[in-house]
>>> print(open('protein.cif').read())   # mmCIF, C-alpha atoms and all ligand atoms
data_final
loop_
_atom_site.label_atom_id
_atom_site.label_comp_id
_atom_site.auth_asym_id
_atom_site.auth_seq_id
_atom_site.Cartn_x
_atom_site.Cartn_y
_atom_site.Cartn_z
CA MET A 1430 70.30 -76.30 66.60
CA ALA A 1431 73.20 -77.78 64.70
CA PRO A 1432 75.96 -79.40 66.78
CA SER A 1433 79.17 -77.44 67.19
CA VAL A 1434 81.26 -80.52 66.63
CA ALA A 1435 80.34 -82.84 63.80
CA GLU A 1436 79.28 -86.42 64.24
CA THR A 1437 81.38 -88.16 61.65
CA ALA A 1438 80.43 -91.16 59.57
CA THR A 1439 84.03 -91.72 58.51
CA THR A 1440 85.17 -95.31 58.87
CA VAL A 1441 88.16 -96.34 60.97
CA THR A 1442 89.92 -97.61 57.83
CA ASP A 1443 89.54 -94.23 56.16
CA GLU A 1444 90.89 -92.48 59.20
CA ILE A 1445 93.91 -94.75 59.48
CA SER A 1446 94.70 -94.37 55.78
CA ARG A 1447 94.53 -90.61 56.18
CA GLY A 1448 96.67 -90.70 59.29
CA VAL A 1449 93.98 -88.93 61.29
CA SER A 1450 92.64 -90.27 64.55
CA LYS A 1451 88.90 -90.28 65.11
CA LEU A 1452 89.21 -87.98 68.10
CA GLN A 1453 91.29 -85.49 66.12
CA LEU A 1454 88.86 -85.59 63.23
CA LYS A 1455 85.91 -84.88 65.52
CA ALA A 1456 87.71 -81.99 67.16
CA GLU A 1457 88.76 -80.45 63.85
CA THR A 1458 85.51 -80.87 61.94
CA LYS A 1459 83.63 -77.78 62.95
CA SER A 1460 80.17 -77.12 61.69
CA SER A 1461 79.86 -74.33 59.14
CA ASP A 1462 77.61 -72.69 61.74
CA ASP A 1463 80.70 -72.14 63.90
CA VAL A 1464 82.98 -70.77 61.20
CA PRO A 1465 82.21 -67.40 59.66
CA ILE A 1466 82.01 -67.34 55.87
CA SER A 1467 85.31 -65.99 54.55
CA TYR A 1468 83.93 -64.13 51.50
CA PRO A 1469 80.32 -63.07 52.16
CA LEU A 1470 80.24 -61.02 48.93
CA TYR A 1471 80.16 -64.32 47.03
CA TYR A 1472 77.36 -65.93 49.02
CA PRO A 1473 75.09 -67.42 46.31
CA TYR A 1474 72.37 -65.05 45.19
CA PHE A 1475 69.16 -66.27 43.57
CA ASP A 1476 66.65 -63.81 42.16
CA VAL A 1477 63.74 -65.53 40.43
CA GLU A 1478 62.88 -62.24 38.73
CA GLU A 1479 66.32 -61.99 37.07
CA LYS A 1480 66.03 -62.66 33.31
CA PHE A 1481 68.60 -62.84 30.51
CA PRO A 1482 67.93 -62.64 26.76
CA PRO A 1483 68.81 -65.61 24.54
CA THR A 1484 72.54 -65.96 23.94
CA GLU A 1485 73.68 -64.51 20.63
CA ILE A 1486 76.47 -65.73 18.37
CA PHE A 1487 79.69 -63.67 18.58
CA GLU A 1488 83.04 -63.60 16.80
CA PHE A 1489 85.71 -65.49 18.68
CA THR A 1490 89.46 -65.97 18.31
CA ASP A 1491 91.05 -68.29 20.81
CA PRO A 1492 93.76 -66.45 22.80
CA GLY A 1493 95.89 -69.59 22.71
CA THR A 1494 96.22 -69.31 18.91
CA ARG A 1495 98.24 -66.09 19.24
CA ALA A 1496 100.44 -67.32 22.12
CA ASP A 1497 104.17 -67.87 21.86
CA PRO A 1498 104.47 -71.67 22.25
CA LYS A 1499 107.53 -71.18 24.47
CA LYS A 1500 105.39 -69.13 26.89
CA PRO A 1501 108.06 -66.61 27.96
CA ASN A 1502 105.48 -64.30 29.57
CA LEU A 1503 103.94 -67.05 31.69
CA LEU A 1504 106.84 -69.30 32.54
CA SER A 1505 109.71 -66.95 33.18
CA GLU A 1506 112.62 -67.42 35.57
CA GLY A 1507 111.56 -68.58 39.02
CA THR A 1508 108.48 -70.42 37.82
CA SER A 1509 108.10 -74.16 37.63
CA VAL A 1510 105.65 -76.58 36.03
CA LYS A 1511 104.99 -79.98 37.53
CA GLN A 1512 103.07 -82.42 35.35
CA LEU A 1513 100.33 -84.11 37.37
CA SER A 1514 99.99 -87.10 35.03
CA PRO A 1515 101.21 -87.96 31.53
CA TYR A 1516 98.01 -86.97 29.71
CA ILE A 1517 96.39 -84.28 31.82
CA GLY A 1518 97.19 -81.75 34.50
CA ALA A 1519 99.97 -79.34 35.47
CA GLU A 1520 100.74 -77.45 38.63
CA VAL A 1521 102.44 -74.10 38.11
CA SER A 1522 104.33 -72.32 40.90
CA GLY A 1523 105.95 -68.91 41.00
CA VAL A 1524 103.16 -67.19 39.04
CA GLN A 1525 100.39 -64.86 40.19
CA ILE A 1526 97.61 -64.94 37.59
CA SER A 1527 96.64 -61.42 38.67
CA LYS A 1528 100.01 -60.09 37.44
CA LEU A 1529 100.02 -61.67 33.99
CA SER A 1530 100.17 -59.44 30.91
CA LYS A 1531 97.85 -59.98 27.95
CA GLU A 1532 100.59 -62.10 26.36
CA GLY A 1533 100.90 -64.09 29.59
CA LEU A 1534 97.14 -64.75 29.59
CA ASP A 1535 97.34 -65.88 25.94
CA GLU A 1536 100.06 -68.32 26.99
CA LEU A 1537 97.94 -69.50 29.92
CA ALA A 1538 95.10 -70.28 27.48
CA LEU A 1539 97.54 -72.33 25.39
CA LEU A 1540 98.95 -74.14 28.43
CA ALA A 1541 95.40 -74.97 29.61
CA ALA A 1542 94.59 -76.34 26.14
CA GLU A 1543 97.77 -78.45 26.07
CA ARG A 1544 97.60 -79.74 29.67
CA LYS A 1545 93.77 -79.57 29.92
CA VAL A 1546 93.92 -78.49 33.61
CA VAL A 1547 96.40 -76.12 35.29
CA VAL A 1548 96.45 -75.67 39.07
CA PHE A 1549 97.89 -72.57 40.78
CA HIS A 1550 98.06 -72.52 44.58
CA ASP A 1551 98.46 -69.50 46.89
CA GLN A 1552 96.94 -66.98 44.50
CA ASP A 1553 95.80 -63.46 45.40
CA PHE A 1554 93.06 -63.79 42.78
CA LYS A 1555 90.34 -64.33 45.41
CA ASP A 1556 91.16 -60.92 46.94
CA LEU A 1557 90.92 -58.90 43.73
CA SER A 1558 87.82 -56.81 43.14
CA PRO A 1559 84.99 -58.60 41.32
CA GLU A 1560 85.45 -56.15 38.44
CA ARG A 1561 89.13 -57.10 38.09
CA GLN A 1562 88.38 -60.82 38.32
CA ILE A 1563 85.85 -60.43 35.51
CA GLU A 1564 88.30 -58.33 33.47
CA ILE A 1565 90.94 -61.07 33.64
CA ALA A 1566 88.49 -63.84 32.75
CA ARG A 1567 87.08 -61.79 29.84
CA HIS A 1568 90.46 -62.08 28.19
CA PHE A 1569 89.44 -65.66 27.35
CA GLY A 1570 85.99 -64.80 25.96
CA PRO A 1571 82.62 -63.28 26.89
CA ILE A 1572 81.56 -64.70 30.24
CA GLN A 1573 78.57 -67.03 30.35
CA ARG A 1574 75.82 -65.94 32.72
CA HIS A 1575 74.41 -69.07 34.27
CA PRO A 1576 70.65 -69.55 33.92
CA THR A 1577 70.03 -71.30 37.25
CA SER A 1578 72.99 -71.33 39.64
CA GLY A 1579 73.75 -68.95 42.48
CA ASN A 1580 75.45 -65.80 41.23
CA VAL A 1581 76.51 -62.56 42.93
CA LYS A 1582 74.14 -59.62 43.30
CA GLY A 1583 75.11 -57.10 40.63
CA PHE A 1584 77.58 -59.55 39.03
CA PRO A 1585 75.67 -62.23 37.12
CA GLU A 1586 78.95 -63.42 35.55
CA PHE A 1587 79.89 -65.32 38.71
CA HIS A 1588 78.84 -68.94 39.14
CA VAL A 1589 78.97 -69.72 42.84
CA VAL A 1590 79.57 -73.25 44.14
CA TYR A 1591 78.45 -73.43 47.74
CA ARG A 1592 77.72 -76.15 50.27
CA ASP A 1593 77.32 -75.93 54.02
CA ALA A 1594 75.44 -77.65 56.82
CA HIS A 1595 72.12 -76.48 55.41
CA HIS A 1596 72.67 -76.37 51.64
CA ASN A 1597 73.60 -79.34 49.48
CA ARG A 1598 73.03 -78.56 45.83
CA PHE A 1599 74.17 -82.00 44.71
CA GLU A 1600 71.45 -83.75 46.67
CA GLU A 1601 68.88 -81.19 45.55
CA TYR A 1602 69.77 -81.79 41.89
CA ARG A 1603 70.73 -85.48 41.75
CA GLY A 1604 68.75 -86.79 44.74
CA ALA A 1605 69.92 -88.06 48.11
CA ASN A 1606 69.51 -91.75 47.27
CA ARG A 1607 72.60 -92.25 45.12
CA ALA A 1608 75.24 -94.87 45.88
CA ASN A 1609 77.97 -92.68 44.44
CA LYS A 1610 78.01 -89.00 43.80
CA THR A 1611 80.32 -88.85 40.78
CA SER A 1612 78.75 -86.69 38.10
CA TRP A 1613 80.89 -86.23 34.97
CA HIS A 1614 80.11 -83.21 32.87
CA SER A 1615 81.51 -80.35 30.84
CA ASP A 1616 80.11 -77.01 31.98
CA VAL A 1617 76.99 -75.68 30.22
CA SER A 1618 77.75 -77.65 27.06
CA TYR A 1619 74.26 -76.82 25.82
CA GLU A 1620 75.46 -73.32 24.86
CA LYS A 1621 75.96 -72.78 21.12
CA GLN A 1622 79.41 -71.37 21.89
CA THR A 1623 80.60 -73.65 24.62
CA PRO A 1624 83.01 -72.63 27.40
CA GLY A 1625 86.74 -72.66 26.76
CA THR A 1626 89.40 -71.46 29.22
CA THR A 1627 87.62 -71.52 32.58
CA LEU A 1628 88.68 -70.12 35.97
CA PHE A 1629 87.63 -71.59 39.31
CA TRP A 1630 88.94 -70.42 42.65
CA ILE A 1631 88.54 -71.56 46.20
CA LEU A 1632 87.33 -69.38 49.08
CA ASP A 1633 86.51 -72.01 51.75
CA GLN A 1634 87.52 -75.64 51.47
CA PRO A 1635 87.36 -78.64 53.83
CA ASP A 1636 90.73 -79.84 55.14
CA ILE A 1637 90.11 -83.25 53.56
CA GLY A 1638 87.99 -83.96 50.49
CA GLY A 1639 86.16 -81.74 48.04
CA ASP A 1640 88.63 -82.45 45.21
CA THR A 1641 87.66 -82.26 41.54
CA LEU A 1642 88.15 -85.16 39.13
CA PHE A 1643 89.16 -84.21 35.58
CA ALA A 1644 89.38 -86.48 32.53
CA SER A 1645 91.07 -85.71 29.21
CA GLN A 1646 88.58 -85.99 26.36
CA VAL A 1647 91.53 -85.89 23.93
CA GLU A 1648 93.06 -89.03 25.41
CA ALA A 1649 89.60 -90.63 25.72
CA TYR A 1650 89.31 -90.14 21.95
CA ASN A 1651 92.90 -91.26 21.24
CA ARG A 1652 92.32 -94.61 22.98
CA LEU A 1653 89.69 -95.63 20.44
CA SER A 1654 90.48 -97.71 17.36
CA PRO A 1655 90.88 -96.02 13.95
CA GLU A 1656 87.72 -97.73 12.71
CA PHE A 1657 85.67 -96.62 15.69
CA LYS A 1658 87.00 -93.06 15.45
CA LYS A 1659 85.89 -92.96 11.82
CA ARG A 1660 82.36 -93.96 12.86
CA LEU A 1661 82.18 -91.22 15.50
CA GLU A 1662 83.49 -88.38 13.36
CA GLY A 1663 80.66 -86.67 11.56
CA LEU A 1664 78.10 -87.61 14.21
CA ARG A 1665 76.30 -84.90 16.14
CA ALA A 1666 74.70 -85.06 19.57
CA VAL A 1667 72.12 -82.93 21.34
CA HIS A 1668 73.07 -81.18 24.60
CA SER A 1669 70.11 -80.00 26.67
CA ALA A 1670 69.63 -77.28 29.29
CA VAL A 1671 66.09 -78.48 30.00
CA PRO A 1672 66.71 -80.86 32.97
CA GLN A 1673 68.78 -78.20 34.75
CA ALA A 1674 66.04 -75.58 34.24
CA ASP A 1675 63.31 -78.02 35.36
CA ALA A 1676 65.28 -78.87 38.51
CA SER A 1677 65.65 -75.18 39.33
CA ARG A 1678 61.93 -74.54 38.80
CA ARG A 1679 61.05 -77.52 41.04
CA ARG A 1680 62.96 -76.06 43.97
CA GLY A 1681 61.62 -72.54 43.37
CA GLY A 1682 64.87 -71.27 41.88
CA PRO A 1683 65.44 -68.96 38.92
CA VAL A 1684 65.36 -69.80 35.22
CA ARG A 1685 66.99 -66.66 33.93
CA ARG A 1686 67.11 -67.74 30.30
CA GLU A 1687 64.79 -70.15 28.52
CA PRO A 1688 66.58 -73.52 28.26
CA VAL A 1689 68.10 -74.41 24.91
CA GLU A 1690 68.95 -77.69 23.18
CA THR A 1691 71.96 -77.55 20.89
CA GLU A 1692 73.56 -79.97 18.45
CA HIS A 1693 77.34 -80.31 18.69
CA PRO A 1694 79.80 -82.56 16.86
CA LEU A 1695 80.62 -85.71 18.81
CA VAL A 1696 84.31 -85.15 18.05
CA ARG A 1697 85.60 -81.56 18.02
CA VAL A 1698 88.93 -79.99 17.16
CA HIS A 1699 90.69 -77.54 19.47
CA PRO A 1700 91.57 -74.35 17.57
CA ALA A 1701 94.93 -73.81 19.30
CA THR A 1702 96.34 -77.34 19.50
CA GLY A 1703 94.54 -79.03 16.60
CA GLU A 1704 93.81 -81.96 18.91
CA LYS A 1705 90.61 -83.95 18.47
CA ALA A 1706 88.47 -84.54 21.56
CA LEU A 1707 85.27 -86.39 22.36
CA TYR A 1708 82.60 -83.81 23.02
CA ILE A 1709 79.88 -85.60 24.93
CA ASN A 1710 79.19 -85.64 28.64
CA GLN A 1711 76.84 -87.46 30.93
CA GLY A 1712 75.50 -84.25 32.44
CA PHE A 1713 74.05 -82.64 29.33
CA THR A 1714 74.33 -84.89 26.25
CA LYS A 1715 70.97 -86.53 25.59
CA TYR A 1716 71.00 -88.33 22.24
CA ILE A 1717 72.81 -88.78 18.93
CA VAL A 1718 71.15 -87.14 15.97
CA GLY A 1719 69.82 -89.59 13.36
CA PHE A 1720 70.15 -92.69 15.56
CA LYS A 1721 67.23 -94.76 16.84
CA ASP A 1722 66.75 -94.40 20.61
CA GLU A 1723 68.35 -97.75 21.48
CA GLU A 1724 71.34 -97.10 19.20
CA SER A 1725 71.92 -93.70 20.76
CA GLU A 1726 71.56 -95.01 24.33
CA TYR A 1727 73.94 -97.90 23.58
CA LEU A 1728 76.67 -95.74 22.04
CA LEU A 1729 76.43 -92.96 24.62
CA LYS A 1730 76.52 -95.48 27.46
CA PHE A 1731 79.70 -97.02 26.03
CA LEU A 1732 81.36 -93.61 25.68
CA PHE A 1733 80.27 -92.37 29.13
CA ASP A 1734 81.60 -95.59 30.70
CA HIS A 1735 84.84 -95.34 28.70
CA ILE A 1736 85.44 -91.79 30.00
CA ALA A 1737 84.38 -92.53 33.60
CA LYS A 1738 86.58 -95.65 33.80
CA GLY A 1739 89.63 -93.95 32.28
CA ALA A 1740 91.57 -93.51 35.50
CA ASP A 1741 94.70 -93.61 33.33
CA PHE A 1742 93.72 -90.33 31.68
CA GLN A 1743 92.25 -88.58 34.69
CA ILE A 1744 93.57 -86.51 37.60
CA ARG A 1745 92.21 -85.56 40.97
CA ALA A 1746 92.90 -81.87 41.71
CA SER A 1747 93.17 -80.92 45.40
CA TYR A 1748 92.61 -77.42 46.63
CA HIS A 1749 92.87 -75.07 49.54
CA PRO A 1750 91.65 -71.49 49.92
CA GLY A 1751 93.63 -69.40 47.42
CA THR A 1752 93.92 -72.13 44.78
CA VAL A 1753 92.90 -71.18 41.25
CA VAL A 1754 92.36 -73.94 38.72
CA VAL A 1755 92.21 -73.13 35.02
CA TRP A 1756 90.81 -75.77 32.72
CA ASP A 1757 89.70 -76.01 29.13
CA ASN A 1758 86.08 -77.15 29.02
CA ARG A 1759 86.40 -78.07 25.33
CA VAL A 1760 88.78 -80.95 25.99
CA THR A 1761 87.85 -82.13 29.50
CA VAL A 1762 85.02 -83.41 31.63
CA HIS A 1763 85.04 -83.10 35.40
CA SER A 1764 83.17 -84.18 38.50
CA ALA A 1765 83.02 -82.79 42.01
CA THR A 1766 83.69 -85.26 44.82
CA ASN A 1767 81.05 -84.80 47.47
CA ASP A 1768 83.00 -86.82 50.02
CA PHE A 1769 83.39 -84.42 52.93
CA GLU A 1770 81.49 -83.94 56.14
CA LYS A 1771 78.02 -82.58 55.59
CA VAL A 1772 78.53 -79.84 58.15
CA VAL A 1773 81.64 -78.34 56.55
CA ARG A 1774 81.46 -75.30 54.24
CA ARG A 1775 82.89 -75.41 50.74
CA HIS A 1776 82.76 -72.20 48.77
CA ALA A 1777 84.22 -71.58 45.33
CA VAL A 1778 83.55 -69.32 42.38
CA ARG A 1779 83.75 -69.91 38.63
CA LEU A 1780 84.03 -67.55 35.71
CA THR A 1781 83.16 -69.32 32.48
CA PRO A 1782 84.26 -67.58 29.27
CA GLN A 1783 82.58 -68.91 26.14
CA ALA A 1784 84.62 -69.90 23.10
CA GLU A 1785 84.00 -70.84 19.47
CA VAL A 1786 81.12 -72.83 18.01
CA PRO A 1787 82.65 -76.33 18.21
CA ILE A 1788 84.77 -77.21 15.17
CA PRO A 1789 83.80 -80.67 13.90
CA ALA A 1790 86.49 -83.27 13.27
CA THR A 1791 86.43 -84.86 9.87
CA ALA A 1792 87.43 -88.44 9.27
FE FE B 1801 81.23 -78.16 36.55
#
>>> encode(input="protein.cif", output="structure tokens")
Amino acid sequence: MAPSVAETATTVTDEISRGVSKLQLKAETKSSDDVPISYPLYYPYFDVEEKFPPTEIFEFTDPGTRADPKKPNLLSEGTSVKQLSPYIGAEVSGVQISKLSKEGLDELALLAAERKVVVFHDQDFKDLSPERQIEIARHFGPIQRHPTSGNVKGFPEFHVVYRDAHHNRFEEYRGANRANKTSWHSDVSYEKQTPGTTLFWILDQPDIGGDTLFASQVEAYNRLSPEFKKRLEGLRAVHSAVPQADASRRRGGPVRREPVETEHPLVRVHPATGEKALYINQGFTKYIVGFKDEESEYLLKFLFDHIAKGADFQIRASYHPGTVVVWDNRVTVHSATNDFEKVVRRHAVRLTPQAEVPIPATA
């Protein structure tokens, strides 16, 4: 039987820096066994018999392209925007996403493209019906149905992120023998029409930890020299769904759609802002088309390191239940931080609208 109070592995230094005494931490860190799940409807659902057809190409116009750049329907009187860092991130207060008009949602798409990540706390979004949540997200594009992750029975549009005392997806996927658990990626970048404006909201969250790291792929690109940028533009890289599907099969999970491998430009252009962004990520990008193996490995390793080390174009977004974070998957990569007590529950849901076929940058 799991203990009712967690044994913590937190060091004294960590505790002092957080201003939390060890005794307090032990008392407050309840096992997920003791705390009822707040939103059982969204408990991850895996049906190995569930199958989806191959994804088909669709017409797409980015909602941000029709937005008023001044954003009067999103940022009216009584709202405020706090920049989280110079290159990436904004926190908006005084807005309920659930109340936005179509014009307001267009402006949100534009703000997410400009700031890359927009955080809204204290939202009623988590308490809307699943149908209404899907309706709002569909404003940004048709919603991707994930081939392997937990979804919601009857609602395959939801991608459920769930960890508790008995389930640790990170360790199942990446292995338990890793020195650090940072895992930079852009969601499902193997799709032909990759995700754009993405919504993620928190149902249960540990008091400390469980943040998300985000990096700007626009600024990662901007930091490179003109000569190096010229070399990258025109290159294409292959993004693969195969390792994710294989991992799901190994643990007896579903593979709802046969995995695809898709070529994308290494540098893409955002349709609403015109900004160029690196479009590679450690999670799904496998090799550069036309390069020898060693050349591809060498260049990708440099770019992955460049992005991962770019603390001066990253943010760390912190959440609590009710937070909704909206990010643009075309111009960012992100990583979960699996830094919280193993016994604590974290539960979040993502809706992942797909956008245009990536627009290649030209030198
Ligand atoms: Fe992700």
>>> closest_residue(input="protein.cif", among="A:Glu1520, A:Asp1556, A:Asp1551, A:Glu1704", to="A:Val1755", atoms="all atoms listed in the file")
A:Glu1520
>>> closest_atom_pairs(input="protein.cif", of="chain A", to="ligand FE 1801 (chain B)", cutoff="10 Å", atoms="all atoms listed in the file", output="CSV")
residue,atom,partner,partner_atom,distance
A:His1588,CA,B:FE1801,FE,9.9
A:Val1590,CA,B:FE1801,FE,9.2
A:Ser1612,CA,B:FE1801,FE,9.0
A:Trp1613,CA,B:FE1801,FE,8.2
A:His1614,CA,B:FE1801,FE,6.3
A:Ser1615,CA,B:FE1801,FE,6.1
A:Asp1616,CA,B:FE1801,FE,4.8
A:Val1617,CA,B:FE1801,FE,8.0
A:Phe1629,CA,B:FE1801,FE,9.6
A:Thr1641,CA,B:FE1801,FE,9.1
A:Gly1712,CA,B:FE1801,FE,9.3
A:Asn1758,CA,B:FE1801,FE,9.0
A:Val1762,CA,B:FE1801,FE,8.1
A:His1763,CA,B:FE1801,FE,6.3
A:Ser1764,CA,B:FE1801,FE,6.6
A:Ala1765,CA,B:FE1801,FE,7.4
A:Arg1779,CA,B:FE1801,FE,8.9
A:Thr1781,CA,B:FE1801,FE,9.9
>>> atom_distance(input="protein.cif", atom1="atom CA of A:Lys1771", atom2="atom CA of A:Phe1475")
22.1 Å
>>> residues_around(input="protein.cif", residues="A:Arg1660", least_positions_apart="6", cutoff="12 Å", atoms="only C-alpha atoms", output="VMD selection string")
chain A and resid 1653 to 1654 1695 to 1696 1728 1790 to 1792
>>> write_last_selection(input="protein.cif", atoms="C-alpha atoms", output="PDB file, in the frame of the given file")
ATOM      1  CA  LEU A1653      89.690 -95.630  20.440  1.00  0.00           C
ATOM      2  CA  SER A1654      90.480 -97.710  17.360  1.00  0.00           C
ATOM      3  CA  LEU A1695      80.620 -85.710  18.810  1.00  0.00           C
ATOM      4  CA  VAL A1696      84.310 -85.150  18.050  1.00  0.00           C
ATOM      5  CA  LEU A1728      76.670 -95.740  22.040  1.00  0.00           C
ATOM      6  CA  ALA A1790      86.490 -83.270  13.270  1.00  0.00           C
ATOM      7  CA  THR A1791      86.430 -84.860   9.870  1.00  0.00           C
ATOM      8  CA  ALA A1792      87.430 -88.440   9.270  1.00  0.00           C
TER       9      ALA A1792
END
>>> residues_around(input="protein.cif", residues="A:Tyr1471", least_positions_apart="6", cutoff="10 Å", atoms="all atoms listed in the file", output="number ranges by chain")
A: 1559, 1579-1582, 1584, 1587-1591, 1632, 1776-1778
>>> residues_around(input="protein.cif", residues="A:Thr1494", least_positions_apart="3", cutoff="12 Å", atoms="all atoms listed in the file", output="ChimeraX atom specification")
/A:1489-1491,1497-1498,1532,1534-1540,1542-1543,1569,1699-1703
>>> residues_around(input="protein.cif", residues="A:Phe1733", least_positions_apart="6", cutoff="9 Å", atoms="only C-alpha atoms", output="list in words")
Trp1613, Ile1709, Asn1710 and Gln1711 of chain A
>>> closest_residue(input="protein.cif", among="A:Ser1725, A:Thr1766, A:Ser1467, A:Thr1626", to="A:Gly1751", atoms="only C-alpha atoms")
A:Ser1467
>>> closest_residue(input="protein.cif", among="A:Val1689, A:Gln1743, A:Asp1633, A:Arg1665", to="A:Tyr1472", atoms="all atoms listed in the file")
A:Asp1633
>>> atom_distance(input="protein.cif", atom1="atom CA of A:Phe1643", atom2="atom CA of A:Asn1767")
14.4 Å
>>> atom_distance(input="protein.cif", atom1="atom CA of A:Ala1706", atom2="atom CA of A:Val1647")
4.1 Å
>>> closest_residue(input="protein.cif", among="A:Ala1670, A:Leu1628, A:Val1684, A:Ile1572", to="A:Glu1478", atoms="all atoms listed in the file")
A:Val1684
>>> residues_around(input="protein.cif", residues="A:Leu1529", least_positions_apart="4", cutoff="8 Å", atoms="all atoms listed in the file", output="VMD selection string")
chain A and resid 1502 to 1503 1525 1533 to 1534
>>> closest_residue(input="protein.cif", among="A:Lys1715, A:Arg1561, A:Lys1528, A:Arg1607", to="A:Glu1692", atoms="all atoms listed in the file")
A:Lys1715
>>> closest_residue(input="protein.cif", among="A:Tyr1516, A:Gln1634, A:Lys1545, A:Ser1677", to="A:Val1772", atoms="all atoms listed in the file")
A:Gln1634
